[in-house]
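A quick write-up on the structure given underneath.
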Amino acid sequence: MDDEVYSFALKNTLDEIQNICPDIKNSFMFKEDGEIVAQDENTPQNVIVHLTDSFDSILEKADAIGGIEGVTLDGSKGKVTISCMNDIYLVTVTSRKADMTYVNTVTHVLIPTILRLLDKINPTPLKNKTPPFEVETETPITKEPEEQTETPIEENLMEAPEETLETETLPSERPVNQLIIENLGGLLVPSDTVRIDSEMLSQWKEFSDSTKIDQVEIETFDGKTTRCKVKPIKDSKYEGKGIIQMPEKIQLNLEVRKGELVRVKPLVH
Amino acid sequence: MARKKKTVQEIATVTEPLTVEESHVNNLREKLEEIKTYEGVIGYILRNSTSAAIDLKDPTKLIDYAILSSSALDAGEVLSEDFNLGDVKSIIVDGKDVKMLSLTVSDNRISVFMDKEANCERVLRKLHGL
């Protein structure tokens, strides 16, 4: 069972929970690294990304209270509840009149049961502790027949057992990563260059057997694309978080803004 | 004559809110001091644009708690806007060791830190009862 089936099972569970608790307006699940595991149809992607970003800012400082088990935000029109279950965070947004005892009973019984069940069927997907950019790598290319692969990189990658996703990926295909936009500004910042994780750049280099990756193609979810230069992220606080630092000019061209997701591919020469 | 009258009015409008604000902060502080005596409460942070009052049993955690408090309140505003939740009444961050209750009362950002088993509702009632 792969991640897709896993997410499908969890999405169905969320849908069923919303059916029996109509006061739940939104629900979705994400991992600590920000990867969205399952989501309902009501919640836009950018809102989820916003929430995971905000949650991350709390999580980063939560060592002082021994880590986070849950967060409850009580507003005048409704409530957001984030609960940690088996290393996954479940978010439920409920209306003001929701019976929280009922909602909590349903979610805190159903979700852990489903997670346990899925874990029994196949323990790998949610226990997989890969960095966000590897997890977010689009997988369809892994289903290509093996004879289409070019051998040199395939052999190289086979030597690294922990990178199972990549061993099955066609080297001729470019890896695609979904990254979250972060602003990049300053006087000396070139307006045609984005910054992404240095580890991701190294992986792309390794992947494509290229000596240097200095350009990327960025695609928005609206289908707008652009090509620009790329350099590694300098600010350590953005490393390993699936972030792409993007100057305002590129954001304007692509009609995107901070917090939104874009697809990024390396341009190999 | 008319000018003099205007001056008096202006002074009145400037001084009155300050007095109200001051007494409001003092009132909050009193409430927080009382809350601190509640079972399981380990401290509080009260901050506004001009002053801050911090009282924690373990002062070594002061900076960590202050940053966490600020992050939670900021995140609360963002989430409330994203999900159209209206005014944020409170944010409770359940840690594995400590629980933090944060809220904003008239521009005063308050965070109360307590043991996991402490009664959050009682604290909330006290603060919202201002």
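Labeling convention for the structure tokens: chains A, B, ... as they appear, residues from 1 per chain, ligands from 1 in order of appearance.
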
Q: Could you please tell me, as a ChimeraX atom specification, which residues of chain B have an atom within 8 Å of chain A when using only C-alpha atoms?
A: /B:61,64-65,67-68,71-72,75-76,78-80,82-99

(Q) Need to verify the contact set: Glu41 (chain A), 10 Å, only C-alpha atoms, exclusion of same-chain residues closer than 5 positions in sequence. Can you return it as a list of chain:residue names? (A)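 In the requested format, the answer is A:Lys11, A:Leu14, A:Asp15, A:Asn26, A:Ser27, A:Phe28.
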
Could you turn the residues from that selection into a file that holds N, CA and C atoms, as a tab-separated table (two decimals), in the first residue's frame?
```tsv
chain	number	residue	atom	x	y	z
A	11	LYS	N	-8.54	10.17	4.11
A	11	LYS	CA	-9.46	11.21	3.59
A	11	LYS	C	-10.91	10.73	3.75
A	14	LEU	N	-11.95	11.12	7.23
A	14	LEU	CA	-12.28	12.52	7.54
A	14	LEU	C	-13.66	12.88	6.99
A	15	ASP	N	-13.94	12.40	5.76
A	15	ASP	CA	-15.24	12.68	5.15
A	15	ASP	C	-16.37	12.08	5.99
A	26	ASN	N	-13.99	22.03	8.62
A	26	ASN	CA	-12.78	21.63	7.91
A	26	ASN	C	-12.04	20.59	8.73
A	27	SER	N	-11.39	19.67	8.04
A	27	SER	CA	-10.51	18.74	8.75
A	27	SER	C	-9.41	18.28	7.81
A	28	PHE	N	-8.25	18.15	8.35
A	28	PHE	CA	-7.12	17.64	7.59
A	28	PHE	C	-6.04	17.15	8.53
```

Q) With only C-alpha atoms as the atoms that count, which of B:Ala66, B:Ile110, B:Lys57, B:Asn119 lies nearest to Leu28 (chain B)? A)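 Between B:Ala66, B:Ile110, B:Lys57, B:Asn119, the residue approaching Leu28 (chain B) most closely is B:Ile110.
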
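Separating CA of Leu117 (chain A) from CA of Thr13 (chain A) is a distance of 12.1 Å.
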
Q: With a distance cut-off of 12 Å and only C-alpha atoms, select the neighbouring residues of Ile35 (chain B), excluding the residue or stretch itself and same-chain residues fewer than 4 positions from it, and output the selection as a list in words.
A: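 Listed by chain and then number, they are Leu28, Arg29, Glu30, Lys31, Glu39, Gly40, Val41, Ile42, Gly43, Tyr44, Ile45, Asp55, Ser111, Val112, Phe113, Met114, Ala118, Asn119, Cys120, Glu121, Arg122, Val123, Leu124, Arg125, Lys126 and Leu127 of chain B.
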
Q: Mind checking which residues fall within 9 Å of region 34-37 of chain A, counting only C-alpha atoms, ignoring those fewer than 3 positions away in the same chain, and posting them as a list in words?
A: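 Near region 34-37 of chain A, the qualifying residues are Asp3, Tyr6, Ser7, Leu10, Lys11, Phe28, Met29, Phe30, Lys31, Ile48, Val49, Thr52, Asp53, Asp56, Ile88, Leu126, Pro132, Val135, Glu136, Lys241 and Gly242 of chain A.
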
Take the residues that were just selected and, keeping N, CA and C atoms, output them as a PDB file, in the first residue's frame.
```pdb
ATOM      1  N   ASP A   3       1.570   5.637  -0.290  1.00  0.00           N
ATOM      2  CA  ASP A   3       1.086   6.857   0.381  1.00  0.00           C
ATOM      3  C   ASP A   3      -0.288   7.290  -0.122  1.00  0.00           C
ATOM      4  N   TYR A   6      -2.965   5.222   1.360  1.00  0.00           N
ATOM      5  CA  TYR A   6      -2.996   5.609   2.772  1.00  0.00           C
ATOM      6  C   TYR A   6      -3.790   6.913   2.953  1.00  0.00           C
ATOM      7  N   SER A   7      -3.443   7.894   2.136  1.00  0.00           N
ATOM      8  CA  SER A   7      -4.127   9.191   2.208  1.00  0.00           C
ATOM      9  C   SER A   7      -5.594   9.046   1.862  1.00  0.00           C
ATOM     10  N   LEU A  10      -7.458   7.737   4.790  1.00  0.00           N
ATOM     11  CA  LEU A  10      -7.622   8.769   5.825  1.00  0.00           C
ATOM     12  C   LEU A  10      -8.592   9.860   5.388  1.00  0.00           C
ATOM     13  N   LYS A  11      -8.541  10.173   4.107  1.00  0.00           N
ATOM     14  CA  LYS A  11      -9.458  11.206   3.586  1.00  0.00           C
ATOM     15  C   LYS A  11     -10.911  10.728   3.745  1.00  0.00           C
ATOM     16  N   PHE A  28      -8.254  18.151   8.351  1.00  0.00           N
ATOM     17  CA  PHE A  28      -7.123  17.635   7.585  1.00  0.00           C
ATOM     18  C   PHE A  28      -6.043  17.150   8.534  1.00  0.00           C
ATOM     19  N   MET A  29      -5.083  16.442   7.950  1.00  0.00           N
ATOM     20  CA  MET A  29      -4.019  15.875   8.782  1.00  0.00           C
ATOM     21  C   MET A  29      -2.666  16.185   8.161  1.00  0.00           C
ATOM     22  N   PHE A  30      -1.717  16.474   8.999  1.00  0.00           N
ATOM     23  CA  PHE A  30      -0.367  16.728   8.482  1.00  0.00           C
ATOM     24  C   PHE A  30       0.674  16.168   9.436  1.00  0.00           C
ATOM     25  N   LYS A  31       1.867  15.959   8.863  1.00  0.00           N
ATOM     26  CA  LYS A  31       2.963  15.463   9.690  1.00  0.00           C
ATOM     27  C   LYS A  31       3.750  16.641  10.246  1.00  0.00           C
ATOM     28  N   ILE A  48      -4.203  25.456   4.345  1.00  0.00           N
ATOM     29  CA  ILE A  48      -3.530  24.391   5.109  1.00  0.00           C
ATOM     30  C   ILE A  48      -2.054  24.743   5.299  1.00  0.00           C
ATOM     31  N   VAL A  49      -1.453  25.226   4.227  1.00  0.00           N
ATOM     32  CA  VAL A  49      -0.036  25.599   4.309  1.00  0.00           C
ATOM     33  C   VAL A  49       0.157  26.716   5.339  1.00  0.00           C
ATOM     34  N   THR A  52      -0.084  25.101   8.770  1.00  0.00           N
ATOM     35  CA  THR A  52       1.098  24.322   9.150  1.00  0.00           C
ATOM     36  C   THR A  52       2.272  25.255   9.446  1.00  0.00           C
ATOM     37  N   ASP A  53       2.357  26.353   8.709  1.00  0.00           N
ATOM     38  CA  ASP A  53       3.405  27.351   8.972  1.00  0.00           C
ATOM     39  C   ASP A  53       3.239  27.942  10.375  1.00  0.00           C
ATOM     40  N   ASP A  56       3.953  25.432  12.951  1.00  0.00           N
ATOM     41  CA  ASP A  56       5.388  25.188  13.022  1.00  0.00           C
ATOM     42  C   ASP A  56       6.074  26.228  13.912  1.00  0.00           C
ATOM     43  N   ILE A  88       1.024  12.232  13.926  1.00  0.00           N
ATOM     44  CA  ILE A  88       0.312  12.991  12.897  1.00  0.00           C
ATOM     45  C   ILE A  88      -0.589  13.997  13.612  1.00  0.00           C
ATOM     46  N   LEU A 126       3.506   6.058   7.075  1.00  0.00           N
ATOM     47  CA  LEU A 126       3.509   7.152   8.029  1.00  0.00           C
ATOM     48  C   LEU A 126       4.677   7.082   8.998  1.00  0.00           C
ATOM     49  N   PRO A 132      11.096  16.700   4.045  1.00  0.00           N
ATOM     50  CA  PRO A 132       9.919  17.098   3.285  1.00  0.00           C
ATOM     51  C   PRO A 132      10.091  17.084   1.782  1.00  0.00           C
ATOM     52  N   VAL A 135       9.738  13.559   0.427  1.00  0.00           N
ATOM     53  CA  VAL A 135       8.364  13.073   0.525  1.00  0.00           C
ATOM     54  C   VAL A 135       7.498  13.738  -0.533  1.00  0.00           C
ATOM     55  N   GLU A 136       7.787  15.012  -0.776  1.00  0.00           N
ATOM     56  CA  GLU A 136       6.951  15.746  -1.696  1.00  0.00           C
ATOM     57  C   GLU A 136       7.289  15.483  -3.157  1.00  0.00           C
ATOM     58  N   LYS A 241      12.979  22.699   5.345  1.00  0.00           N
ATOM     59  CA  LYS A 241      11.559  22.919   5.627  1.00  0.00           C
ATOM     60  C   LYS A 241      10.711  22.956   4.366  1.00  0.00           C
ATOM     61  N   GLY A 242      11.319  22.602   3.252  1.00  0.00           N
ATOM     62  CA  GLY A 242      10.552  22.616   2.012  1.00  0.00           C
ATOM     63  C   GLY A 242      10.181  24.016   1.578  1.00  0.00           C
TER      64      GLY A 242
END
```

Quick one: residues within 7 Å of region 210-227 of chain A, only C-alpha atoms counted, chain neighbours fewer than 2 positions away excluded, as a CSV table (one decimal) with C-alpha atoms, in the first residue's frame?
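The resulting selection-v5.csv:
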```csv
chain,number,residue,atom,x,y,z
A,201,LEU,CA,20.3,21.0,-4.8
A,205,LYS,CA,22.8,17.1,-8.8
A,206,GLU,CA,23.3,13.5,-7.7
A,208,SER,CA,20.7,14.1,-12.7
A,229,LYS,CA,18.4,31.1,-11.4
A,230,VAL,CA,18.8,29.1,-8.2
A,231,LYS,CA,21.1,29.3,-5.2
A,254,LEU,CA,3.8,34.0,-11.2
A,262,VAL,CA,4.7,25.8,-6.2
A,263,ARG,CA,6.3,22.9,-8.1
A,264,VAL,CA,10.0,23.2,-8.7
A,265,LYS,CA,12.1,21.2,-11.1
A,266,PRO,CA,15.8,21.5,-11.7
A,267,LEU,CA,17.0,22.5,-15.2
A,268,VAL,CA,19.7,20.1,-16.1
```

Q | Backbone-only DSSP, strand (DSSP E) members of chain B, as a PyMOL selection string | A | chain B and resi 41-47+52-56+88-95+98-105+108-115

I need the residues from that last selection saved to file as a compact mmCIF listing (two decimals), in the first residue's frame (with C-alpha atoms), if you can.
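Heads up, here's the output in out.txt:
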```txt
# COMPACT_ATOMS: atom_id res chain seq x y z
CA VAL B 41 -0.48 27.60 37.96
CA ILE B 42 3.23 28.19 37.53
CA GLY B 43 3.31 31.73 36.24
CA TYR B 44 2.13 34.33 33.81
CA ILE B 45 3.25 36.89 31.26
CA LEU B 46 1.30 40.10 30.75
CA ARG B 47 2.45 42.34 27.94
CA ALA B 52 5.34 43.87 30.57
CA ALA B 53 4.84 41.96 33.79
CA ILE B 54 6.29 38.49 34.14
CA ASP B 55 6.00 36.20 37.09
CA LEU B 56 7.27 32.66 36.68
CA VAL B 88 -9.85 35.04 19.33
CA LYS B 89 -11.11 34.28 22.81
CA SER B 90 -8.27 32.02 23.88
CA ILE B 91 -5.52 29.71 22.69
CA ILE B 92 -4.56 26.71 24.73
CA VAL B 93 -1.31 24.97 23.91
CA ASP B 94 -1.17 21.58 25.59
CA GLY B 95 2.44 20.63 26.13
CA VAL B 98 3.05 22.28 30.82
CA LYS B 99 -0.12 23.86 29.48
CA MET B 100 -0.23 27.45 28.25
CA LEU B 101 -3.36 29.55 28.04
CA SER B 102 -3.01 32.72 25.98
CA LEU B 103 -5.48 35.46 25.28
CA THR B 104 -5.72 39.12 24.48
CA VAL B 105 -7.70 41.43 26.70
CA ASN B 108 -2.97 43.23 26.72
CA ARG B 109 -1.45 39.92 25.68
CA ILE B 110 -1.68 37.43 28.50
CA SER B 111 -0.26 33.93 28.85
CA VAL B 112 -0.77 31.79 31.89
CA PHE B 113 1.39 28.70 32.35
CA MET B 114 0.13 25.80 34.38
CA ASP B 115 0.52 22.10 35.04
```

Q. Between CA of His108 (chain A) and CA of Pro44 (chain A), what is the distance, to one decimal in Å?
A.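 Interatomic distance here is 23.9 Å.
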
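For the atom pair formed by CA of Ile111 (chain A) and CA of Asp40 (chain A), the distance is 14.1 Å, given to one decimal.
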